[in-house]
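Peer 1: Pasting run_32.cif below, which is mmCIF, N, CA and C atoms.
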data_run
loop_
_atom_site.label_atom_id
_atom_site.label_comp_id
_atom_site.auth_asym_id
_atom_site.auth_seq_id
_atom_site.Cartn_x
_atom_site.Cartn_y
_atom_site.Cartn_z
N VAL A 1474 113.56 71.69 106.90
CA VAL A 1474 112.60 72.63 106.34
C VAL A 1474 113.26 74.00 106.30
N GLU A 1475 113.19 74.63 105.16
CA GLU A 1475 113.76 75.96 104.99
C GLU A 1475 112.64 76.98 104.84
N ASP A 1476 112.90 78.19 105.37
CA ASP A 1476 111.95 79.28 105.18
C ASP A 1476 112.04 79.76 103.75
N ILE A 1477 110.90 80.12 103.20
CA ILE A 1477 110.88 80.70 101.87
C ILE A 1477 110.97 82.21 102.02
N VAL A 1478 111.99 82.78 101.41
CA VAL A 1478 112.21 84.22 101.48
C VAL A 1478 111.93 84.81 100.11
N PRO A 1479 110.96 85.73 100.03
CA PRO A 1479 110.67 86.31 98.71
C PRO A 1479 111.85 87.14 98.21
N VAL A 1480 112.07 87.09 96.91
CA VAL A 1480 113.12 87.86 96.26
C VAL A 1480 112.44 88.82 95.28
N PHE A 1481 112.73 90.09 95.41
CA PHE A 1481 112.10 91.08 94.55
C PHE A 1481 113.15 91.67 93.62
N ASP A 1482 112.88 91.59 92.31
CA ASP A 1482 113.77 92.20 91.34
C ASP A 1482 113.69 93.72 91.44
N SER A 1483 112.48 94.21 91.70
CA SER A 1483 112.29 95.64 91.86
C SER A 1483 111.21 95.84 92.92
N PRO A 1484 111.25 96.95 93.61
CA PRO A 1484 110.27 97.20 94.67
C PRO A 1484 108.84 97.23 94.12
N GLU A 1485 107.91 96.83 94.99
CA GLU A 1485 106.49 96.83 94.64
C GLU A 1485 105.71 97.54 95.74
N VAL A 1486 104.66 98.24 95.32
CA VAL A 1486 103.75 98.88 96.26
C VAL A 1486 102.35 98.42 95.90
N THR A 1487 101.65 97.83 96.87
CA THR A 1487 100.27 97.38 96.68
C THR A 1487 99.37 98.25 97.54
N VAL A 1488 98.42 98.94 96.91
CA VAL A 1488 97.53 99.85 97.61
C VAL A 1488 96.15 99.21 97.73
N PHE A 1489 95.57 99.27 98.94
CA PHE A 1489 94.22 98.73 99.12
C PHE A 1489 93.51 99.46 100.25
N PRO A 1490 92.19 99.59 100.21
CA PRO A 1490 91.37 99.24 99.06
C PRO A 1490 91.57 100.25 97.94
N ASN A 1491 91.32 99.83 96.75
CA ASN A 1491 91.41 100.73 95.60
C ASN A 1491 90.37 100.29 94.58
N PRO A 1492 89.29 101.02 94.43
CA PRO A 1492 88.98 102.37 94.86
C PRO A 1492 88.85 102.49 96.39
N ALA A 1493 89.06 103.71 96.87
CA ALA A 1493 89.05 103.98 98.31
C ALA A 1493 88.02 105.04 98.64
N GLN A 1494 87.58 105.02 99.90
CA GLN A 1494 86.67 106.06 100.37
C GLN A 1494 87.23 106.79 101.58
N GLY A 1495 88.10 106.15 102.33
CA GLY A 1495 88.64 106.76 103.55
C GLY A 1495 90.06 106.33 103.79
N SER A 1496 90.24 105.43 104.73
CA SER A 1496 91.56 104.96 105.10
C SER A 1496 92.14 104.07 104.00
N VAL A 1497 93.41 104.32 103.69
CA VAL A 1497 94.11 103.56 102.65
C VAL A 1497 95.37 102.97 103.27
N ARG A 1498 95.70 101.76 102.85
CA ARG A 1498 96.92 101.09 103.31
C ARG A 1498 97.76 100.72 102.09
N ALA A 1499 99.06 100.72 102.28
CA ALA A 1499 99.97 100.32 101.21
C ALA A 1499 101.00 99.35 101.77
N ARG A 1500 101.16 98.23 101.09
CA ARG A 1500 102.19 97.25 101.43
C ARG A 1500 103.40 97.54 100.54
N LEU A 1501 104.55 97.76 101.16
CA LEU A 1501 105.79 98.07 100.44
C LEU A 1501 106.70 96.86 100.52
N GLU A 1502 107.10 96.34 99.37
CA GLU A 1502 107.97 95.18 99.33
C GLU A 1502 109.16 95.47 98.43
N GLY A 1503 110.32 94.99 98.84
CA GLY A 1503 111.52 95.11 98.02
C GLY A 1503 112.36 96.35 98.27
N PHE A 1504 111.91 97.21 99.17
CA PHE A 1504 112.72 98.36 99.55
C PHE A 1504 113.64 97.92 100.68
N ASP A 1505 114.91 98.30 100.61
CA ASP A 1505 115.85 97.85 101.64
C ASP A 1505 116.23 98.95 102.63
N SER A 1506 115.53 100.07 102.57
CA SER A 1506 115.85 101.16 103.48
C SER A 1506 114.60 102.02 103.69
N GLU A 1507 114.77 103.04 104.47
CA GLU A 1507 113.72 104.01 104.71
C GLU A 1507 113.28 104.62 103.38
N VAL A 1508 111.96 104.86 103.23
CA VAL A 1508 111.44 105.45 102.01
C VAL A 1508 110.72 106.75 102.31
N GLU A 1509 110.61 107.58 101.30
CA GLU A 1509 109.77 108.77 101.37
C GLU A 1509 108.55 108.49 100.52
N TRP A 1510 107.42 109.08 100.90
CA TRP A 1510 106.20 108.90 100.13
C TRP A 1510 105.48 110.23 99.98
N VAL A 1511 104.77 110.38 98.85
CA VAL A 1511 104.02 111.60 98.56
C VAL A 1511 102.69 111.21 97.93
N LEU A 1512 101.61 111.77 98.46
CA LEU A 1512 100.29 111.62 97.86
C LEU A 1512 99.95 112.92 97.15
N ARG A 1513 99.59 112.82 95.84
CA ARG A 1513 99.28 114.01 95.05
C ARG A 1513 97.92 113.85 94.39
N ASN A 1514 97.26 114.98 94.15
CA ASN A 1514 96.01 114.94 93.40
C ASN A 1514 96.32 114.90 91.91
N ALA A 1515 95.28 114.91 91.07
CA ALA A 1515 95.47 114.79 89.62
C ALA A 1515 96.18 115.99 89.01
N MET A 1516 96.21 117.10 89.73
CA MET A 1516 96.92 118.29 89.26
C MET A 1516 98.35 118.35 89.80
N ALA A 1517 98.82 117.25 90.41
CA ALA A 1517 100.17 117.10 90.96
C ALA A 1517 100.42 117.93 92.21
N LYS A 1518 99.36 118.41 92.85
CA LYS A 1518 99.53 119.14 94.11
C LYS A 1518 99.77 118.15 95.24
N GLU A 1519 100.84 118.39 96.01
CA GLU A 1519 101.16 117.52 97.13
C GLU A 1519 100.13 117.70 98.24
N LEU A 1520 99.53 116.58 98.67
CA LEU A 1520 98.51 116.61 99.72
C LEU A 1520 99.02 116.07 101.05
N GLN A 1521 99.82 115.03 100.99
CA GLN A 1521 100.41 114.41 102.18
C GLN A 1521 101.78 113.87 101.79
N SER A 1522 102.65 113.78 102.77
CA SER A 1522 103.96 113.17 102.53
C SER A 1522 104.52 112.70 103.85
N GLY A 1523 105.55 111.89 103.78
CA GLY A 1523 106.17 111.42 105.00
C GLY A 1523 107.33 110.51 104.72
N ILE A 1524 107.88 109.97 105.79
CA ILE A 1524 108.98 109.01 105.74
C ILE A 1524 108.48 107.75 106.42
N PHE A 1525 108.81 106.61 105.84
CA PHE A 1525 108.32 105.32 106.35
C PHE A 1525 109.45 104.31 106.26
N ARG A 1526 109.55 103.48 107.29
CA ARG A 1526 110.55 102.41 107.29
C ARG A 1526 109.82 101.08 107.14
N PRO A 1527 109.82 100.52 105.92
CA PRO A 1527 109.13 99.25 105.70
C PRO A 1527 109.80 98.12 106.49
N SER A 1528 108.97 97.27 107.08
CA SER A 1528 109.47 96.06 107.72
C SER A 1528 108.36 95.03 107.69
N ASN A 1529 108.66 93.83 108.06
CA ASN A 1529 107.70 92.74 107.96
C ASN A 1529 106.40 93.07 108.67
N GLY A 1530 105.31 93.01 107.93
CA GLY A 1530 103.99 93.19 108.52
C GLY A 1530 103.52 94.62 108.71
N LEU A 1531 104.40 95.61 108.52
CA LEU A 1531 103.97 96.99 108.70
C LEU A 1531 103.45 97.56 107.39
N LEU A 1532 102.34 98.28 107.48
CA LEU A 1532 101.73 98.90 106.32
C LEU A 1532 101.76 100.41 106.46
N LEU A 1533 101.96 101.10 105.36
CA LEU A 1533 101.83 102.55 105.32
C LEU A 1533 100.34 102.86 105.32
N ASN A 1534 99.88 103.72 106.25
CA ASN A 1534 98.47 104.08 106.36
C ASN A 1534 98.31 105.58 106.18
N PHE A 1535 97.26 105.97 105.45
CA PHE A 1535 96.92 107.39 105.34
C PHE A 1535 95.43 107.50 105.05
N ASP A 1536 94.86 108.66 105.32
CA ASP A 1536 93.42 108.87 105.21
C ASP A 1536 93.11 109.78 104.02
N MET A 1537 92.13 109.36 103.21
CA MET A 1537 91.72 110.16 102.05
C MET A 1537 90.27 110.64 102.17
N SER A 1538 89.67 110.50 103.33
CA SER A 1538 88.24 110.80 103.45
C SER A 1538 87.91 112.27 103.23
N ASP A 1539 88.86 113.17 103.41
CA ASP A 1539 88.61 114.60 103.21
C ASP A 1539 88.83 115.05 101.77
N TYR A 1540 89.23 114.14 100.89
CA TYR A 1540 89.54 114.51 99.51
C TYR A 1540 88.37 114.25 98.58
N ALA A 1541 88.30 115.03 97.51
CA ALA A 1541 87.23 114.90 96.52
C ALA A 1541 87.38 113.59 95.73
N VAL A 1542 86.28 113.17 95.14
CA VAL A 1542 86.29 112.02 94.25
C VAL A 1542 87.23 112.31 93.09
N GLY A 1543 88.06 111.34 92.73
CA GLY A 1543 88.99 111.54 91.61
C GLY A 1543 90.17 110.61 91.68
N MET A 1544 91.19 110.92 90.89
CA MET A 1544 92.42 110.13 90.80
C MET A 1544 93.53 110.80 91.61
N TYR A 1545 94.31 109.99 92.29
CA TYR A 1545 95.42 110.47 93.10
C TYR A 1545 96.61 109.56 92.85
N SER A 1546 97.81 110.11 92.97
CA SER A 1546 99.01 109.28 92.81
C SER A 1546 99.71 109.15 94.16
N LEU A 1547 100.22 107.96 94.40
CA LEU A 1547 101.06 107.69 95.56
C LEU A 1547 102.44 107.34 95.02
N GLU A 1548 103.41 108.19 95.34
CA GLU A 1548 104.78 107.97 94.91
C GLU A 1548 105.60 107.54 96.13
N VAL A 1549 106.30 106.41 95.99
CA VAL A 1549 107.15 105.89 97.06
C VAL A 1549 108.55 105.74 96.47
N TYR A 1550 109.55 106.27 97.19
CA TYR A 1550 110.90 106.21 96.63
C TYR A 1550 111.96 106.16 97.74
N ASP A 1551 113.08 105.58 97.36
CA ASP A 1551 114.28 105.61 98.19
C ASP A 1551 115.43 106.06 97.28
N ARG A 1552 116.64 105.86 97.73
CA ARG A 1552 117.78 106.37 96.94
C ARG A 1552 118.02 105.56 95.66
N LYS A 1553 117.39 104.37 95.53
CA LYS A 1553 117.63 103.55 94.35
C LYS A 1553 116.39 103.34 93.48
N SER A 1554 115.21 103.48 94.03
CA SER A 1554 114.00 103.10 93.29
C SER A 1554 112.88 104.10 93.50
N ARG A 1555 111.96 104.11 92.55
CA ARG A 1555 110.78 104.98 92.62
C ARG A 1555 109.59 104.20 92.05
N VAL A 1556 108.48 104.16 92.80
CA VAL A 1556 107.28 103.46 92.36
C VAL A 1556 106.10 104.43 92.48
N VAL A 1557 105.26 104.48 91.44
CA VAL A 1557 104.06 105.32 91.47
C VAL A 1557 102.83 104.44 91.27
N ASN A 1558 101.86 104.59 92.16
CA ASN A 1558 100.58 103.90 92.05
C ASN A 1558 99.47 104.92 91.94
N TRP A 1559 98.41 104.57 91.25
CA TRP A 1559 97.25 105.44 91.14
C TRP A 1559 96.15 104.90 92.04
N ILE A 1560 95.49 105.83 92.74
CA ILE A 1560 94.41 105.49 93.65
C ILE A 1560 93.16 106.21 93.18
N ILE A 1561 92.06 105.51 93.12
CA ILE A 1561 90.77 106.12 92.79
C ILE A 1561 90.05 106.41 94.10
N ARG A 1562 89.68 107.66 94.30
CA ARG A 1562 88.88 108.06 95.47
C ARG A 1562 87.44 108.16 95.01
N GLU A 1563 86.55 107.31 95.61
CA GLU A 1563 85.15 107.36 95.21
C GLU A 1563 84.26 107.86 96.30
#
The structure in this file should be written as structure tokens.
Peer 2:
Amino acid sequence: VEDIVPVFDSPEVTVFPNPAQGSVRARLEGFDSEVEWVLRNAMAKELQSGIFRPSNGLLLNFDMSDYAVGMYSLEVYDRKSRVVNWIIRE
């Protein structure tokens, strides 16, 4: 029996729940190193940012409960890739 190892052509970021009301989690797959992340509002103002080291089972967590209803972008990037997801805050 062999373990099945997922192969990613390009990194993926899955954000949930989306729409969100408070705490948000993001699963990062396909990144092979430490990543930087930035949460921005619809006017591109940086609201939160940080550095995260993806590994099996770890999720990026951040809180949006203090933000107004609207659209927000989550940008995750390393030296080779950049992924942007949109989050609806309701």
Peer 1: For Glu1502 of chain A, which of A:Leu1532, A:Glu1485, A:Pro1490, A:Met1516 is the closest residue, counting all atoms listed in the file?
Peer 2: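 Using all atoms listed in the file, Glu1502 of chain A sits closest to A:Glu1485.
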Peer 1: Once the PyMOL selection byres (((chain A and resi 1549-1555 and name CA) around 9) and name CA) is applied to the coordinates I shared, what remains selected? I want it as number ranges by chain.
Peer 2: A: 1483-1484, 1486, 1501, 1504-1512, 1547-1548, 1556-1558
Peer 1: Using the chain letters and numbering of this document, enumerate as a ChimeraX atom specification the residues selected by the PyMOL selection byres ((chain A and resi 1537) around 6.5).
Peer 2: /A:1494-1497,1535-1536,1538-1540
Peer 1: Apply DSSP to the backbone of this structure and, from chain A, keep only the residues in strand (DSSP E); write these as a ChimeraX atom specification.
Peer 2: /A:1485-1489,1496-1502,1508-1514,1519-1525,1533-1536,1543-1550,1555-1562
Peer 1: May I ask for the distance between atom CA of Ser1528 of chain A and atom CA of Met1544 of chain A, given in Å to one decimal place?
Peer 2: 27.8 Å
